[in-house]
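Novice: Have a look at this one.
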Amino acid sequence: MTRTIRLNRLDGVLSELEYPTDPSTVAAACEDVTVRLADGEVNLGETVSGSDAAEFASAEELRTELMSRLPRRAVGEPFQSDGDA
(Lines give C-alpha, C1' and ligand atoms only; values in the text may rest on other atoms or scores of the structure.)
Protein backbone atom coordinates (compact mmCIF):
# COMPACT_ATOMS: atom_id res chain seq x y z
CA MET A 1 0.00 0.00 0.00
CA THR A 2 1.42 3.35 -1.03
CA ARG A 3 1.44 6.18 1.51
CA THR A 4 1.51 9.86 0.58
CA ILE A 5 2.55 12.31 3.26
CA ARG A 6 3.27 16.01 3.43
CA LEU A 7 6.83 17.09 4.09
CA ASN A 8 5.85 18.37 7.53
CA ARG A 9 4.80 14.79 8.46
CA LEU A 10 8.21 13.30 7.63
CA ASP A 11 9.25 13.03 11.29
CA GLY A 12 6.39 10.63 11.98
CA VAL A 13 7.60 8.20 9.32
CA LEU A 14 11.23 8.48 10.42
CA SER A 15 10.32 7.82 14.05
CA GLU A 16 8.87 4.43 13.04
CA LEU A 17 12.34 3.17 12.05
CA GLU A 18 14.86 1.52 14.37
CA TYR A 19 18.23 3.26 14.78
CA PRO A 20 21.03 3.00 13.99
CA THR A 21 20.13 2.12 10.42
CA ASP A 22 21.63 2.34 6.96
CA PRO A 23 20.39 3.84 3.67
CA SER A 24 19.46 0.50 2.09
CA THR A 25 17.31 -0.50 5.09
CA VAL A 26 15.55 2.87 5.08
CA ALA A 27 15.07 2.70 1.29
CA ALA A 28 13.40 -0.72 1.59
CA ALA A 29 11.20 0.37 4.51
CA CYS A 30 10.14 3.59 2.78
CA GLU A 31 9.82 2.47 -0.84
CA ASP A 32 6.04 2.93 -0.58
CA VAL A 33 6.18 6.48 0.83
CA THR A 34 5.65 9.48 -1.43
CA VAL A 35 6.41 12.88 0.06
CA ARG A 36 4.42 15.85 -1.25
CA LEU A 37 6.57 18.95 -1.56
CA ALA A 38 5.67 22.57 -2.25
CA ASP A 39 6.77 21.97 -5.84
CA GLY A 40 6.14 18.32 -6.74
CA GLU A 41 6.77 15.07 -4.92
CA VAL A 42 9.52 12.53 -4.31
CA ASN A 43 9.67 8.89 -3.33
CA LEU A 44 11.24 8.65 0.13
CA GLY A 45 12.93 5.31 -0.52
CA GLU A 46 14.52 6.49 -3.76
CA THR A 47 15.66 9.73 -2.15
CA VAL A 48 17.48 8.02 0.72
CA SER A 49 18.91 5.29 -1.50
CA GLY A 50 21.13 7.89 -3.14
CA SER A 51 22.79 8.77 0.16
CA ASP A 52 26.52 8.22 0.61
CA ALA A 53 26.09 7.86 4.39
CA ALA A 54 27.17 4.55 5.91
CA GLU A 55 24.72 4.78 8.81
CA PHE A 56 22.14 7.03 10.45
CA ALA A 57 22.42 7.10 14.24
CA SER A 58 19.08 8.86 14.78
CA ALA A 59 15.92 10.10 13.10
CA GLU A 60 17.31 13.64 13.26
CA GLU A 61 20.46 12.59 11.41
CA LEU A 62 18.37 10.87 8.73
CA ARG A 63 16.06 13.90 8.47
CA THR A 64 19.04 16.21 7.95
CA GLU A 65 20.36 13.97 5.17
CA LEU A 66 16.95 13.77 3.49
CA MET A 67 16.42 17.53 3.62
CA SER A 68 19.81 18.07 1.98
CA ARG A 69 18.79 15.75 -0.88
CA LEU A 70 15.45 17.43 -1.67
CA PRO A 71 15.08 19.92 -4.53
CA ARG A 72 15.70 23.56 -3.64
CA ARG A 73 12.01 24.46 -4.02
CA ALA A 74 10.81 21.58 -1.82
CA VAL A 75 9.53 23.88 0.91
CA GLY A 76 8.51 26.83 -1.26
CA GLU A 77 10.13 29.80 -2.93
CA PRO A 78 13.78 30.36 -1.98
CA PHE A 79 14.45 33.39 0.21
CA GLN A 80 10.75 33.80 1.03
CA SER A 81 9.56 33.99 4.61
CA ASP A 82 6.19 34.72 6.17
CA GLY A 83 8.07 36.61 8.87
CA ASP A 84 9.60 39.20 6.54
CA ALA A 85 8.28 42.71 6.90
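Letters for chains follow the order of the C-alpha coordinates (A, B, ...), residue numbers begin at 1 for each chain, and ligand numbers begin at 1 in the order shown.
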Would you list the contacts of Thr2 (chain A) as a PyMOL selection string, taking every protein, DNA or RNA residue within 8 Å and counting only C-alpha atoms, but skipping same-chain residues closer than 4 positions in sequence?
Specialist: chain A and resi 32-34
Novice: Can I get the selected residues back with C-alpha atoms, as a JSON list (two decimals), in the first residue's frame?
Specialist:
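Contents of out_11.json, freshly written:
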```json
[["chain", "number", "residue", "atom", "x", "y", "z"],
["A", 32, "ASP", "CA", 6.04, 2.93, -0.58],
["A", 33, "VAL", "CA", 6.18, 6.48, 0.83],
["A", 34, "THR", "CA", 5.65, 9.48, -1.43]]
```
Novice: Env of Leu10 (chain A): 12 Å cut, atoms = only C-alpha atoms, seq-sep filter 2 positions within chain, self excluded. Answer as a list in words.
Specialist: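 The residues satisfying every condition are Arg3, Thr4, Ile5, Arg6, Leu7, Asn8, Gly12, Val13, Leu14, Ser15, Glu16, Leu17, Cys30, Val33, Thr34, Val35, Arg36, Leu37, Asn43, Leu44, Ala59, Glu60, Leu62, Arg63, Thr64, Leu66 and Met67 of chain A.
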Novice: Save the residues we just selected, N, CA and C atoms, as an mmCIF file, in the first residue's frame?
Specialist:
```
data_model
loop_
_atom_site.group_PDB
_atom_site.id
_atom_site.type_symbol
_atom_site.label_atom_id
_atom_site.label_comp_id
_atom_site.auth_asym_id
_atom_site.auth_seq_id
_atom_site.Cartn_x
_atom_site.Cartn_y
_atom_site.Cartn_z
ATOM 1 N N ARG A 3 1.811 5.090 0.597
ATOM 2 C CA ARG A 3 1.437 6.176 1.508
ATOM 3 C C ARG A 3 1.924 7.483 0.913
ATOM 4 N N THR A 4 1.106 8.515 0.991
ATOM 5 C CA THR A 4 1.507 9.859 0.582
ATOM 6 C C THR A 4 1.411 10.745 1.807
ATOM 7 N N ILE A 5 2.514 11.426 2.096
ATOM 8 C CA ILE A 5 2.552 12.307 3.258
ATOM 9 C C ILE A 5 3.018 13.687 2.826
ATOM 10 N N ARG A 6 2.735 14.669 3.635
ATOM 11 C CA ARG A 6 3.273 16.007 3.426
ATOM 12 C C ARG A 6 4.650 16.055 4.060
ATOM 13 N N LEU A 7 5.470 16.956 3.576
ATOM 14 C CA LEU A 7 6.831 17.087 4.085
ATOM 15 C C LEU A 7 6.839 17.330 5.591
ATOM 16 N N ASN A 8 5.869 18.086 6.097
ATOM 17 C CA ASN A 8 5.848 18.374 7.535
ATOM 18 C C ASN A 8 5.450 17.163 8.384
ATOM 19 N N GLY A 12 7.189 11.764 11.539
ATOM 20 C CA GLY A 12 6.387 10.631 11.975
ATOM 21 C C GLY A 12 6.830 9.331 11.318
ATOM 22 N N VAL A 13 7.134 9.392 10.042
ATOM 23 C CA VAL A 13 7.604 8.203 9.315
ATOM 24 C C VAL A 13 8.992 7.807 9.811
ATOM 25 N N LEU A 14 9.860 8.779 9.987
ATOM 26 C CA LEU A 14 11.228 8.484 10.420
ATOM 27 C C LEU A 14 11.271 7.923 11.838
ATOM 28 N N SER A 15 10.341 8.323 12.676
ATOM 29 C CA SER A 15 10.324 7.822 14.051
ATOM 30 C C SER A 15 9.897 6.359 14.132
ATOM 31 N N GLU A 16 9.291 5.828 13.075
ATOM 32 C CA GLU A 16 8.871 4.426 13.045
ATOM 33 C C GLU A 16 10.046 3.477 12.819
ATOM 34 N N LEU A 17 11.174 3.996 12.356
ATOM 35 C CA LEU A 17 12.340 3.169 12.048
ATOM 36 C C LEU A 17 13.173 2.912 13.294
ATOM 37 N N CYS A 30 10.880 2.399 3.217
ATOM 38 C CA CYS A 30 10.141 3.591 2.781
ATOM 39 C C CYS A 30 9.872 3.626 1.286
ATOM 40 N N VAL A 33 6.531 5.161 0.293
ATOM 41 C CA VAL A 33 6.185 6.478 0.834
ATOM 42 C C VAL A 33 6.509 7.569 -0.185
ATOM 43 N N THR A 34 5.488 8.319 -0.563
ATOM 44 C CA THR A 34 5.651 9.478 -1.431
ATOM 45 C C THR A 34 5.499 10.717 -0.565
ATOM 46 N N VAL A 35 6.437 11.648 -0.712
ATOM 47 C CA VAL A 35 6.412 12.884 0.062
ATOM 48 C C VAL A 35 5.986 14.021 -0.858
ATOM 49 N N ARG A 36 4.882 14.694 -0.487
ATOM 50 C CA ARG A 36 4.418 15.851 -1.249
ATOM 51 C C ARG A 36 5.213 17.070 -0.820
ATOM 52 N N LEU A 37 5.782 17.752 -1.800
ATOM 53 C CA LEU A 37 6.572 18.952 -1.556
ATOM 54 C C LEU A 37 5.792 20.172 -2.036
ATOM 55 N N ASN A 43 9.804 10.152 -4.025
ATOM 56 C CA ASN A 43 9.673 8.889 -3.328
ATOM 57 C C ASN A 43 10.733 8.861 -2.230
ATOM 58 N N LEU A 44 10.327 8.613 -1.010
ATOM 59 C CA LEU A 44 11.240 8.654 0.126
ATOM 60 C C LEU A 44 12.323 7.587 0.021
ATOM 61 N N ALA A 59 16.891 9.553 14.041
ATOM 62 C CA ALA A 59 15.920 10.099 13.096
ATOM 63 C C ALA A 59 16.330 11.502 12.669
ATOM 64 N N GLU A 60 16.878 12.276 13.580
ATOM 65 C CA GLU A 60 17.311 13.639 13.257
ATOM 66 C C GLU A 60 18.439 13.620 12.226
ATOM 67 N N LEU A 62 18.988 11.278 9.992
ATOM 68 C CA LEU A 62 18.374 10.872 8.733
ATOM 69 C C LEU A 62 17.581 12.026 8.125
ATOM 70 N N ARG A 63 16.847 12.749 8.947
ATOM 71 C CA ARG A 63 16.062 13.899 8.466
ATOM 72 C C ARG A 63 16.970 14.945 7.834
ATOM 73 N N THR A 64 18.087 15.229 8.475
ATOM 74 C CA THR A 64 19.035 16.207 7.947
ATOM 75 C C THR A 64 19.545 15.767 6.577
ATOM 76 N N LEU A 66 18.050 13.703 4.448
ATOM 77 C CA LEU A 66 16.953 13.775 3.488
ATOM 78 C C LEU A 66 16.690 15.201 3.039
ATOM 79 N N MET A 67 16.679 16.130 3.976
ATOM 80 C CA MET A 67 16.422 17.530 3.624
ATOM 81 C C MET A 67 17.503 18.067 2.688
#
```
Novice: Run DSSP on the backbone and give me the residues of chain A it puts in strand (DSSP E), as a ChimeraX atom specification.
Specialist: /A:3-6,33-37,40-43
Novice: Counting only C-alpha atoms, figure out which residue out of A:Asp52, A:Ser58, A:Glu46, A:Glu31 gets nearest to Leu70 (chain A).
Specialist: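 The answer is A:Glu46, which sits nearest to Leu70 (chain A).
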Novice: Would you return as a PyMOL selection string the members of chain A that DSSP assigns to helix (DSSP H, G or I) on this structure's backbone?
Specialist: chain A and resi 7-15+23-29+44-49+59-69
Novice: For Phe56 (chain A), which of A:Arg9, A:Pro23, A:Ala38, A:Ala28 is the closest residue, counting only C-alpha atoms?
Specialist: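 Closest to Phe56 (chain A) of all the choices is A:Pro23.
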Novice: So how far away is CA of Ser68 (chain A) from CA of Ala29 (chain A), in Å?
Specialist: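 Between CA of Ala29 (chain A) and CA of Ser68 (chain A) the gap works out to 19.8 Å.
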Novice: Excluding Ala57 (chain A) and its own-chain neighbours fewer than 5 positions away, which residues fall within 10 Å of it when counting only C-alpha atoms? Please give them as an MDAnalysis selection string.
Specialist: chainID A and resid 18:22 62
Novice: Save the residues we just selected, all heavy atoms, as an mmCIF file, in the first residue's frame?
Specialist:
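Once everything was written out, this is part30.cif:
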```
data_model
loop_
_atom_site.group_PDB
_atom_site.id
_atom_site.type_symbol
_atom_site.label_atom_id
_atom_site.label_comp_id
_atom_site.auth_asym_id
_atom_site.auth_seq_id
_atom_site.Cartn_x
_atom_site.Cartn_y
_atom_site.Cartn_z
ATOM 1 N N GLU A 18 13.952 1.826 13.275
ATOM 2 C CA GLU A 18 14.864 1.517 14.375
ATOM 3 C C GLU A 18 16.249 2.046 14.029
ATOM 4 O O GLU A 18 16.712 1.883 12.896
ATOM 5 C CB GLU A 18 14.925 0.012 14.613
ATOM 6 C CG GLU A 18 13.635 -0.538 15.181
ATOM 7 C CD GLU A 18 13.768 -2.005 15.563
ATOM 8 O OE1 GLU A 18 14.870 -2.428 15.968
ATOM 9 O OE2 GLU A 18 12.762 -2.713 15.453
ATOM 10 N N TYR A 19 16.894 2.671 14.982
ATOM 11 C CA TYR A 19 18.230 3.261 14.781
ATOM 12 C C TYR A 19 19.241 2.586 15.681
ATOM 13 O O TYR A 19 18.882 2.140 16.757
ATOM 14 C CB TYR A 19 18.167 4.769 15.076
ATOM 15 C CG TYR A 19 17.263 5.479 14.108
ATOM 16 C CD1 TYR A 19 15.905 5.637 14.385
ATOM 17 C CD2 TYR A 19 17.755 5.952 12.910
ATOM 18 C CE1 TYR A 19 15.062 6.265 13.484
ATOM 19 C CE2 TYR A 19 16.923 6.588 12.004
ATOM 20 C CZ TYR A 19 15.581 6.735 12.303
ATOM 21 O OH TYR A 19 14.748 7.347 11.401
ATOM 22 N N PRO A 20 20.493 2.511 15.263
ATOM 23 C CA PRO A 20 21.033 3.003 13.994
ATOM 24 C C PRO A 20 20.532 2.158 12.825
ATOM 25 O O PRO A 20 20.141 1.002 12.990
ATOM 26 C CB PRO A 20 22.544 2.873 14.155
ATOM 27 C CG PRO A 20 22.734 1.830 15.194
ATOM 28 C CD PRO A 20 21.525 1.879 16.081
ATOM 29 N N THR A 21 20.554 2.788 11.644
ATOM 30 C CA THR A 21 20.126 2.116 10.420
ATOM 31 C C THR A 21 20.978 2.603 9.257
ATOM 32 O O THR A 21 21.745 3.545 9.400
ATOM 33 C CB THR A 21 18.618 2.357 10.166
ATOM 34 O OG1 THR A 21 18.180 1.502 9.118
ATOM 35 C CG2 THR A 21 18.331 3.811 9.836
ATOM 36 N N ASP A 22 20.836 1.955 8.128
ATOM 37 C CA ASP A 22 21.635 2.339 6.961
ATOM 38 C C ASP A 22 20.697 2.717 5.806
ATOM 39 O O ASP A 22 19.510 2.408 5.837
ATOM 40 C CB ASP A 22 22.568 1.198 6.553
ATOM 41 C CG ASP A 22 21.814 -0.056 6.214
ATOM 42 O OD1 ASP A 22 21.348 -0.177 5.069
ATOM 43 O OD2 ASP A 22 21.660 -0.916 7.106
ATOM 44 N N LEU A 62 18.988 11.278 9.992
ATOM 45 C CA LEU A 62 18.374 10.872 8.733
ATOM 46 C C LEU A 62 17.581 12.026 8.125
ATOM 47 O O LEU A 62 17.652 12.282 6.925
ATOM 48 C CB LEU A 62 17.478 9.653 8.945
ATOM 49 C CG LEU A 62 16.672 9.162 7.748
ATOM 50 C CD1 LEU A 62 17.553 8.915 6.531
ATOM 51 C CD2 LEU A 62 15.892 7.912 8.127
#
```
Novice: Just the residues within 10 Å of Arg69 (chain A), please, counting only C-alpha atoms, with nothing from its chain fewer than 3 positions along; format it as a ChimeraX atom specification.
Specialist: /A:47-48,50-51,63-66,72,74
